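data-v4.pdb, holding PDB, C-alpha atoms and all ligand atoms:
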```
ATOM      1  CA  MET A 165     114.251 124.270  75.076  1.00  0.00           C
ATOM      2  CA  TYR A 166     113.348 122.117  78.054  1.00  0.00           C
ATOM      3  CA  ARG A 167     112.775 118.388  77.929  1.00  0.00           C
ATOM      4  CA  TYR A 168     109.994 117.175  80.206  1.00  0.00           C
ATOM      5  CA  PHE A 169     110.078 113.730  81.760  1.00  0.00           C
ATOM      6  CA  LEU A 170     106.684 112.730  83.138  1.00  0.00           C
ATOM      7  CA  PHE A 171     107.140 109.808  85.496  1.00  0.00           C
ATOM      8  CA  ASP A 172     104.422 107.606  86.889  1.00  0.00           C
ATOM      9  CA  LEU A 173     104.956 107.028  90.628  1.00  0.00           C
ATOM     10  CA  ASP A 174     103.885 103.572  91.796  1.00  0.00           C
ATOM     11  CA  GLN A 175     105.858 100.556  90.558  1.00  0.00           C
ATOM     12  CA  THR A 176     107.855 102.977  88.408  1.00  0.00           C
ATOM     13  CA  LEU A 177     109.774 105.121  90.951  1.00  0.00           C
ATOM     14  CA  LEU A 178     108.273 103.967  94.257  1.00  0.00           C
ATOM     15  CA  ASP A 179     107.202 100.512  95.381  1.00  0.00           C
ATOM     16  CA  PHE A 180     103.633 100.959  96.623  1.00  0.00           C
ATOM     17  CA  HIS A 181     103.281  97.344  97.764  1.00  0.00           C
ATOM     18  CA  ALA A 182     106.490  97.453  99.793  1.00  0.00           C
ATOM     19  CA  SER A 183     105.264 100.601 101.588  1.00  0.00           C
ATOM     20  CA  GLU A 184     101.918  99.023 102.286  1.00  0.00           C
ATOM     21  CA  TYR A 185     103.554  95.851 103.578  1.00  0.00           C
ATOM     22  CA  LYS A 186     105.860  97.820 105.854  1.00  0.00           C
ATOM     23  CA  ALA A 187     103.162 100.145 107.190  1.00  0.00           C
ATOM     24  CA  LEU A 188     100.730  97.349 107.969  1.00  0.00           C
ATOM     25  CA  GLY A 189     103.435  95.529 109.942  1.00  0.00           C
ATOM     26  CA  ILE A 190     104.370  98.651 111.917  1.00  0.00           C
ATOM     27  CA  VAL A 191     100.766  99.401 112.866  1.00  0.00           C
ATOM     28  CA  LEU A 192      99.732  95.862 113.783  1.00  0.00           C
ATOM     29  CA  LYS A 193     102.854  95.236 115.867  1.00  0.00           C
ATOM     30  CA  ALA A 194     102.450  98.605 117.637  1.00  0.00           C
ATOM     31  CA  ASN A 195      99.025  97.377 118.715  1.00  0.00           C
ATOM     32  CA  GLY A 196     100.332  94.047 119.998  1.00  0.00           C
ATOM     33  CA  LEU A 197      99.099  92.001 117.042  1.00  0.00           C
ATOM     34  CA  SER A 198     100.901  89.419 114.979  1.00  0.00           C
ATOM     35  CA  TYR A 199     101.950  89.995 111.368  1.00  0.00           C
ATOM     36  CA  SER A 200     102.989  87.710 108.526  1.00  0.00           C
ATOM     37  CA  ASP A 201     103.182  87.588 104.734  1.00  0.00           C
ATOM     38  CA  GLU A 202      99.912  85.693 104.776  1.00  0.00           C
ATOM     39  CA  ILE A 203      98.144  88.408 106.725  1.00  0.00           C
ATOM     40  CA  TYR A 204      99.397  90.966 104.202  1.00  0.00           C
ATOM     41  CA  GLN A 205      98.206  88.846 101.245  1.00  0.00           C
ATOM     42  CA  ASP A 206      94.781  88.452 102.877  1.00  0.00           C
ATOM     43  CA  PHE A 207      94.634  92.195 103.523  1.00  0.00           C
ATOM     44  CA  LYS A 208      95.422  92.893  99.872  1.00  0.00           C
ATOM     45  CA  ALA A 209      92.775  90.503  98.581  1.00  0.00           C
ATOM     46  CA  CYS A 210      90.134  91.817 100.948  1.00  0.00           C
ATOM     47  CA  ASN A 211      91.076  95.415 100.197  1.00  0.00           C
ATOM     48  CA  LYS A 212      90.770  94.841  96.462  1.00  0.00           C
ATOM     49  CA  ALA A 213      87.316  93.288  96.812  1.00  0.00           C
ATOM     50  CA  LEU A 214      86.144  96.165  99.029  1.00  0.00           C
ATOM     51  CA  TRP A 215      87.436  98.831  96.618  1.00  0.00           C
ATOM     52  CA  LEU A 216      85.443  97.151  93.837  1.00  0.00           C
ATOM     53  CA  GLU A 217      82.322  97.314  96.014  1.00  0.00           C
ATOM     54  CA  PHE A 218      83.067 100.960  96.805  1.00  0.00           C
ATOM     55  CA  GLU A 219      83.432 101.765  93.105  1.00  0.00           C
ATOM     56  CA  LYS A 220      80.076 100.081  92.444  1.00  0.00           C
ATOM     57  CA  GLY A 221      78.573 102.262  95.161  1.00  0.00           C
ATOM     58  CA  THR A 222      77.472  99.358  97.373  1.00  0.00           C
ATOM     59  CA  ILE A 223      79.561 100.431 100.381  1.00  0.00           C
ATOM     60  CA  SER A 224      80.801 103.780 101.720  1.00  0.00           C
ATOM     61  CA  ARG A 225      84.422 104.802 102.179  1.00  0.00           C
ATOM     62  CA  GLU A 226      84.019 104.448 105.941  1.00  0.00           C
ATOM     63  CA  GLU A 227      82.629 100.923 105.580  1.00  0.00           C
ATOM     64  CA  LEU A 228      85.534 100.032 103.341  1.00  0.00           C
ATOM     65  CA  PHE A 229      88.087 101.301 105.859  1.00  0.00           C
ATOM     66  CA  THR A 230      86.278  99.618 108.775  1.00  0.00           C
ATOM     67  CA  ARG A 231      85.756  96.275 107.122  1.00  0.00           C
ATOM     68  CA  ARG A 232      89.285  95.872 105.821  1.00  0.00           C
ATOM     69  CA  PHE A 233      90.640  96.094 109.361  1.00  0.00           C
ATOM     70  CA  GLN A 234      87.876  93.957 110.870  1.00  0.00           C
ATOM     71  CA  GLU A 235      89.082  91.291 108.435  1.00  0.00           C
ATOM     72  CA  VAL A 236      92.703  91.804 109.476  1.00  0.00           C
ATOM     73  CA  PHE A 237      91.718  91.546 113.161  1.00  0.00           C
ATOM     74  CA  ARG A 238      90.045  88.188 112.474  1.00  0.00           C
ATOM     75  CA  ARG A 239      93.239  86.857 110.962  1.00  0.00           C
ATOM     76  CA  CYS A 240      95.949  87.996 113.318  1.00  0.00           C
ATOM     77  CA  GLY A 241      96.778  86.809 116.772  1.00  0.00           C
ATOM     78  CA  GLY A 242      96.430  89.163 119.735  1.00  0.00           C
ATOM     79  CA  ASP A 243      93.712  90.984 121.622  1.00  0.00           C
ATOM     80  CA  THR A 244      91.621  92.987 119.175  1.00  0.00           C
ATOM     81  CA  ALA A 245      88.593  93.527 121.421  1.00  0.00           C
ATOM     82  CA  LYS A 246      89.483  97.108 122.328  1.00  0.00           C
ATOM     83  CA  LEU A 247      90.819  98.140 118.930  1.00  0.00           C
ATOM     84  CA  ASP A 248      88.893 100.536 116.719  1.00  0.00           C
ATOM     85  CA  PRO A 249      89.284  99.537 113.049  1.00  0.00           C
ATOM     86  CA  LEU A 250      88.802 103.106 111.834  1.00  0.00           C
ATOM     87  CA  LYS A 251      91.486 104.439 114.165  1.00  0.00           C
ATOM     88  CA  ILE A 252      93.877 101.678 113.046  1.00  0.00           C
ATOM     89  CA  ASN A 253      93.042 102.525 109.445  1.00  0.00           C
ATOM     90  CA  GLU A 254      94.016 106.159 110.057  1.00  0.00           C
ATOM     91  CA  ASP A 255      97.296 105.072 111.663  1.00  0.00           C
ATOM     92  CA  PHE A 256      97.938 102.807 108.708  1.00  0.00           C
ATOM     93  CA  ILE A 257      97.389 105.567 106.129  1.00  0.00           C
ATOM     94  CA  ARG A 258      99.579 107.977 108.086  1.00  0.00           C
ATOM     95  CA  THR A 259     102.317 105.387 108.600  1.00  0.00           C
ATOM     96  CA  MET A 260     102.325 104.484 104.950  1.00  0.00           C
ATOM     97  CA  SER A 261     102.645 108.104 103.897  1.00  0.00           C
ATOM     98  CA  VAL A 262     105.956 108.456 105.764  1.00  0.00           C
ATOM     99  CA  ASN A 263     107.354 105.121 104.660  1.00  0.00           C
ATOM    100  CA  GLY A 264     108.098 105.462 100.986  1.00  0.00           C
ATOM    101  CA  VAL A 265     110.138 102.676  99.404  1.00  0.00           C
ATOM    102  CA  LEU A 266     112.148 103.368  96.259  1.00  0.00           C
ATOM    103  CA  MET A 267     112.265 100.944  93.360  1.00  0.00           C
ATOM    104  CA  ASP A 268     115.854  99.683  93.057  1.00  0.00           C
ATOM    105  CA  GLY A 269     117.858 102.234  91.057  1.00  0.00           C
ATOM    106  CA  ALA A 270     115.041 104.816  90.801  1.00  0.00           C
ATOM    107  CA  LEU A 271     116.775 107.610  92.700  1.00  0.00           C
ATOM    108  CA  GLU A 272     120.035 107.129  90.807  1.00  0.00           C
ATOM    109  CA  CYS A 273     118.191 107.254  87.479  1.00  0.00           C
ATOM    110  CA  VAL A 274     116.365 110.473  88.360  1.00  0.00           C
ATOM    111  CA  LYS A 275     119.648 112.055  89.528  1.00  0.00           C
ATOM    112  CA  LYS A 276     121.364 110.996  86.305  1.00  0.00           C
ATOM    113  CA  ILE A 277     118.604 112.584  84.218  1.00  0.00           C
ATOM    114  CA  ARG A 278     118.902 115.854  86.158  1.00  0.00           C
ATOM    115  CA  ASN A 279     122.689 115.974  85.931  1.00  0.00           C
ATOM    116  CA  GLY A 280     123.278 114.280  82.597  1.00  0.00           C
ATOM    117  CA  ILE A 281     120.501 115.448  80.305  1.00  0.00           C
ATOM    118  CA  ALA A 282     120.588 119.153  79.524  1.00  0.00           C
ATOM    119  CA  ASP A 283     117.508 121.248  80.299  1.00  0.00           C
ATOM    120  CA  SER A 284     115.683 118.314  81.843  1.00  0.00           C
ATOM    121  CA  ARG A 285     112.585 118.826  83.951  1.00  0.00           C
ATOM    122  CA  ILE A 286     111.148 115.946  85.946  1.00  0.00           C
ATOM    123  CA  PHE A 287     107.502 115.712  86.979  1.00  0.00           C
ATOM    124  CA  ILE A 288     105.502 112.986  88.642  1.00  0.00           C
ATOM    125  CA  ILE A 289     102.094 112.043  87.325  1.00  0.00           C
ATOM    126  CA  THR A 290     100.047 109.802  89.602  1.00  0.00           C
ATOM    127  CA  ASN A 291      96.513 108.693  90.351  1.00  0.00           C
ATOM    128  CA  GLY A 292      95.772 108.515  94.049  1.00  0.00           C
ATOM    129  CA  VAL A 293      95.712 110.325  97.359  1.00  0.00           C
ATOM    130  CA  THR A 294      97.823 113.484  97.612  1.00  0.00           C
ATOM    131  CA  MET A 295      98.972 113.034 101.233  1.00  0.00           C
ATOM    132  CA  ASN A 296     100.088 109.498 100.533  1.00  0.00           C
ATOM    133  CA  ALA A 297     101.980 110.356  97.343  1.00  0.00           C
ATOM    134  CA  ARG A 298     103.590 113.542  98.683  1.00  0.00           C
ATOM    135  CA  GLY A 299     104.615 111.919 101.979  1.00  0.00           C
ATOM    136  CA  ARG A 300     106.144 108.868 100.389  1.00  0.00           C
ATOM    137  CA  ILE A 301     108.059 110.999  97.871  1.00  0.00           C
ATOM    138  CA  ALA A 302     109.460 113.218 100.648  1.00  0.00           C
ATOM    139  CA  SER A 303     110.373 110.257 102.873  1.00  0.00           C
ATOM    140  CA  THR A 304     112.650 108.838 100.171  1.00  0.00           C
ATOM    141  CA  GLY A 305     114.413 112.094  99.253  1.00  0.00           C
ATOM    142  CA  LEU A 306     112.997 111.924  95.744  1.00  0.00           C
ATOM    143  CA  ASP A 307     111.401 115.342  96.267  1.00  0.00           C
ATOM    144  CA  ARG A 308     114.825 117.031  95.931  1.00  0.00           C
ATOM    145  CA  TYR A 309     115.135 115.908  92.334  1.00  0.00           C
ATOM    146  CA  ILE A 310     111.695 116.592  90.917  1.00  0.00           C
ATOM    147  CA  ASP A 311     110.180 119.806  89.617  1.00  0.00           C
ATOM    148  CA  GLY A 312     106.567 119.051  90.414  1.00  0.00           C
ATOM    149  CA  LEU A 313     103.890 116.560  91.263  1.00  0.00           C
ATOM    150  CA  PHE A 314     100.466 116.075  89.682  1.00  0.00           C
ATOM    151  CA  VAL A 315      98.100 113.958  91.754  1.00  0.00           C
ATOM    152  CA  SER A 316      94.685 113.115  90.344  1.00  0.00           C
ATOM    153  CA  GLU A 317      93.062 113.975  93.696  1.00  0.00           C
ATOM    154  CA  ASP A 318      94.243 117.608  93.335  1.00  0.00           C
ATOM    155  CA  LEU A 319      93.462 117.883  89.647  1.00  0.00           C
ATOM    156  CA  GLY A 320      89.988 116.362  89.760  1.00  0.00           C
ATOM    157  CA  VAL A 321      90.803 114.283  86.693  1.00  0.00           C
ATOM    158  CA  ALA A 322      92.874 111.119  86.407  1.00  0.00           C
ATOM    159  CA  LYS A 323      95.071 109.149  84.045  1.00  0.00           C
ATOM    160  CA  PRO A 324      94.397 107.942  81.352  1.00  0.00           C
ATOM    161  CA  SER A 325      92.060 110.824  80.464  1.00  0.00           C
ATOM    162  CA  LYS A 326      93.341 113.351  77.970  1.00  0.00           C
ATOM    163  CA  ALA A 327      91.999 116.058  80.303  1.00  0.00           C
ATOM    164  CA  TYR A 328      94.477 114.986  83.010  1.00  0.00           C
ATOM    165  CA  PHE A 329      97.469 115.273  80.678  1.00  0.00           C
ATOM    166  CA  ASP A 330      96.218 118.508  79.112  1.00  0.00           C
ATOM    167  CA  LEU A 331      95.975 120.041  82.581  1.00  0.00           C
ATOM    168  CA  CYS A 332      99.490 118.872  83.547  1.00  0.00           C
ATOM    169  CA  LEU A 333     100.993 120.307  80.355  1.00  0.00           C
ATOM    170  CA  LYS A 334      99.117 123.563  80.803  1.00  0.00           C
ATOM    171  CA  GLN A 335     100.383 123.961  84.376  1.00  0.00           C
ATOM    172  CA  ILE A 336     103.949 123.127  83.362  1.00  0.00           C
ATOM    173  CA  GLY A 337     103.693 125.309  80.281  1.00  0.00           C
ATOM    174  CA  ALA A 338     105.119 122.507  78.150  1.00  0.00           C
ATOM    175  CA  PRO A 339     104.457 121.758  74.497  1.00  0.00           C
ATOM    176  CA  GLY A 340     103.466 118.117  73.940  1.00  0.00           C
ATOM    177  CA  GLU A 341     106.396 117.402  71.633  1.00  0.00           C
ATOM    178  CA  SER A 342     108.857 118.153  74.486  1.00  0.00           C
ATOM    179  CA  CYS A 343     107.267 115.604  76.836  1.00  0.00           C
ATOM    180  CA  ILE A 344     107.762 111.907  77.368  1.00  0.00           C
ATOM    181  CA  VAL A 345     105.644 109.695  79.641  1.00  0.00           C
ATOM    182  CA  ILE A 346     107.354 106.897  81.578  1.00  0.00           C
ATOM    183  CA  GLY A 347     105.214 104.310  83.356  1.00  0.00           C
ATOM    184  CA  ASP A 348     104.523 100.658  84.090  1.00  0.00           C
ATOM    185  CA  SER A 349     100.776 100.645  83.484  1.00  0.00           C
ATOM    186  CA  LEU A 350      99.294 100.084  80.053  1.00  0.00           C
ATOM    187  CA  THR A 351      95.815 101.184  81.018  1.00  0.00           C
ATOM    188  CA  SER A 352      96.719 104.426  82.782  1.00  0.00           C
ATOM    189  CA  ASP A 353     100.200 105.539  81.607  1.00  0.00           C
ATOM    190  CA  MET A 354     100.499 104.178  78.076  1.00  0.00           C
ATOM    191  CA  LEU A 355      96.848 104.722  77.205  1.00  0.00           C
ATOM    192  CA  GLY A 356      97.052 108.218  78.721  1.00  0.00           C
ATOM    193  CA  ALA A 357     100.100 109.089  76.613  1.00  0.00           C
ATOM    194  CA  LYS A 358      98.281 107.842  73.552  1.00  0.00           C
ATOM    195  CA  ASN A 359      95.128 109.807  74.385  1.00  0.00           C
ATOM    196  CA  ALA A 360      97.195 112.978  74.815  1.00  0.00           C
ATOM    197  CA  SER A 361      99.442 112.223  71.779  1.00  0.00           C
ATOM    198  CA  LEU A 362     102.620 112.147  73.886  1.00  0.00           C
ATOM    199  CA  CYS A 363     105.753 110.065  73.439  1.00  0.00           C
ATOM    200  CA  SER A 364     105.868 107.072  75.798  1.00  0.00           C
ATOM    201  CA  VAL A 365     108.186 104.551  77.448  1.00  0.00           C
ATOM    202  CA  TRP A 366     106.658 101.390  78.846  1.00  0.00           C
ATOM    203  CA  PHE A 367     108.740 100.592  81.899  1.00  0.00           C
ATOM    204  CA  MET A 368     109.133  96.926  82.902  1.00  0.00           C
ATOM    205  CA  PRO A 369     107.068  95.534  80.026  1.00  0.00           C
ATOM    206  CA  GLU A 370     105.519  92.104  80.491  1.00  0.00           C
ATOM    207  CA  GLY A 371     103.170  89.719  78.710  1.00  0.00           C
ATOM    208  CA  ASP A 372     102.479  90.096  75.013  1.00  0.00           C
ATOM    209  CA  THR A 373     104.595  93.205  74.465  1.00  0.00           C
ATOM    210  CA  GLU A 374     104.226  93.237  70.698  1.00  0.00           C
ATOM    211  CA  SER A 375     100.468  93.499  70.710  1.00  0.00           C
ATOM    212  CA  ALA A 376     100.577  96.010  73.602  1.00  0.00           C
ATOM    213  CA  ILE A 377     102.975  98.232  71.660  1.00  0.00           C
ATOM    214  CA  LYS A 378     100.559  98.253  68.722  1.00  0.00           C
ATOM    215  CA  THR A 379      97.420  98.737  70.800  1.00  0.00           C
ATOM    216  CA  TYR A 380      98.788 101.610  72.869  1.00  0.00           C
ATOM    217  CA  GLY A 381     101.083 103.188  70.280  1.00  0.00           C
ATOM    218  CA  ILE A 382     104.068 102.783  72.633  1.00  0.00           C
ATOM    219  CA  ASP A 383     107.313 104.401  71.412  1.00  0.00           C
ATOM    220  CA  TYR A 384     109.893 102.641  73.618  1.00  0.00           C
ATOM    221  CA  CYS A 385     110.179  99.815  76.171  1.00  0.00           C
ATOM    222  CA  ALA A 386     112.716  99.665  79.008  1.00  0.00           C
ATOM    223  CA  SER A 387     113.358  96.674  81.267  1.00  0.00           C
ATOM    224  CA  SER A 388     115.793  98.387  83.626  1.00  0.00           C
ATOM    225  CA  PHE A 389     116.718 101.876  84.802  1.00  0.00           C
ATOM    226  CA  ASP A 390     119.971 101.679  82.807  1.00  0.00           C
ATOM    227  CA  GLU A 391     118.034 100.940  79.654  1.00  0.00           C
ATOM    228  CA  LEU A 392     115.547 103.673  80.492  1.00  0.00           C
ATOM    229  CA  TYR A 393     118.291 106.272  80.944  1.00  0.00           C
ATOM    230  CA  GLU A 394     119.820 105.248  77.636  1.00  0.00           C
ATOM    231  CA  ILE A 395     116.487 105.674  75.832  1.00  0.00           C
ATOM    232  CA  LEU A 396     115.709 109.008  77.486  1.00  0.00           C
ATOM    233  CA  GLY A 397     119.181 110.307  76.595  1.00  0.00           C
ATOM    234  CA  ARG A 398     118.667 109.413  72.949  1.00  0.00           C
ATOM    235  CA  TRP A 399     115.162 110.862  72.948  1.00  0.00           C
ATOM    236  CA  ALA A 400     116.463 114.149  74.379  1.00  0.00           C
ATOM    237  CA  GLU A 401     119.372 114.229  71.939  1.00  0.00           C
ATOM    238  CA  ALA A 402     116.974 113.892  69.009  1.00  0.00           C
ATOM    239  CA  ARG A 403     115.296 117.020  70.353  1.00  0.00           C
ATOM    240  CA  GLY A 404     118.491 119.029  70.414  1.00  0.00           C
ATOM    241  CA  GLY A 405     119.733 118.031  73.861  1.00  0.00           C
ATOM    242  CA  ARG A 406     123.027 116.536  74.859  1.00  0.00           C
TER     243      ARG A 406
HETATM  244 MG    MG B 501     102.371 102.601  88.170  1.00  0.00          MG
END
```

Show me, as structure tokens, the structure contained in the file I just sent.
Ligand SMILES: [Mg+2]
Amino acid sequence: MYRYFLFDLDQTLLDFHASEYKALGIVLKANGLSYSDEIYQDFKACNKALWLEFEKGTISREELFTRRFQEVFRRCGGDTAKLDPLKINEDFIRTMSVNGVLMDGALECVKKIRNGIADSRIFIITNGVTMNARGRIASTGLDRYIDGLFVSEDLGVAKPSKAYFDLCLKQIGAPGESCIVIGDSLTSDMLGAKNASLCSVWFMPEGDTESAIKTYGIDYCASSFDELYEILGRWAEARGGR
């Protein structure tokens, strides 16, 4: 019987922020503009505010993409007069998708699961844009160690909905009791596992862990990849693995 490890992607296996930071620097510098930590922090804050407006329906996707780079242009040194914010946005998205950054120890942990836990199958479950997720996974070599990828954009449903997990399990052909969800987010990964009645590991827990464990029905917590591997090994063993 297979054991299915369902890994969240961002801030669990890959560092989304590090990719974003790197890609923004590459694109701005390629266009003769300055770049600093401050510019990145401003970009993040502005981006977050614009996504909220987009979700409320007050601005379009194109406006969001245009305005976030108009803001960046205002903040960085260099000649921005001839630059098209939408074109820069496209370059940024493309650059980010080929610049995946692994969380420290992520690749080793995934390899250890594949080689050390019998009948293990590793899948990635992520909310987001398919090109971005797939590209970043491939650029880190992580793709060689996983059995599949479920991106909300492809599925039309997202974590934490039960429908998302039901669809993943159906496509894998896995019974729920053979699956374990590993992720850093309470509101998408842990709540999703609870909604779908799956076993869960909260990776890199923080804050009031005790109340979170109760609220989300979390089975295990792991503060490092070593601890995670230990837990997953025991979980698999309890299900007849080695
Ligand atoms: Mg995450």

Original post:
So which residues get picked by the PyMOL selection byres (((chain A and resi 316-326) around 12) and not hetatm) here, written as a ChimeraX atom specification?
Top reply: /A:172-173,288-298,313-315,327-335,340,345,347,349-362,380

Original post:
With distances taken over only C-alpha atoms and all ligand atoms, which of A:Ala302, A:Ile346, A:Leu266, A:Ile203 is nearest to ligand MG 501 (chain B)?
Top reply: A:Ile346

Subject >> Answer key for the PyMOL selection byres (((chain A and resi 389-397) around 7) and not hetatm), residues as a list in words >> reply: Gly269, Ala270, Cys273, Ile281, Ala386, Ser387, Ser388, Arg398, Trp399, Ala400 and Glu401 of chain A

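Here the question is which of A:Glu202, A:Glu235, A:Asp348, A:Asp383 gets nearest to ligand MG 501 (chain B) using only C-alpha atoms and all ligand atoms, and that residue is A:Asp348.
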
Original post:
Got a sec: who's within 12 Å of stretch 214-218 of chain A, counting all atoms listed in the file, leaving out chain neighbours fewer than 3 positions off, as a count of residues only?
Top reply: 19

**OP:** Could you check which of A:Phe367, A:Phe237, A:Glu184, A:Thr379 is closest to ligand MG 501 (chain B), using only C-alpha atoms and all ligand atoms?
**Re:**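 Among A:Phe367, A:Phe237, A:Glu184, A:Thr379, it is A:Phe367 that comes nearest to ligand MG 501 (chain B).
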
**OP:** For atom CA of A:Arg167 and atom CA of A:Asp311, quote the distance in Å rounded to one decimal.
**Re:**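 Separation between atom CA of A:Arg167 and atom CA of A:Asp311: 12.1 Å.
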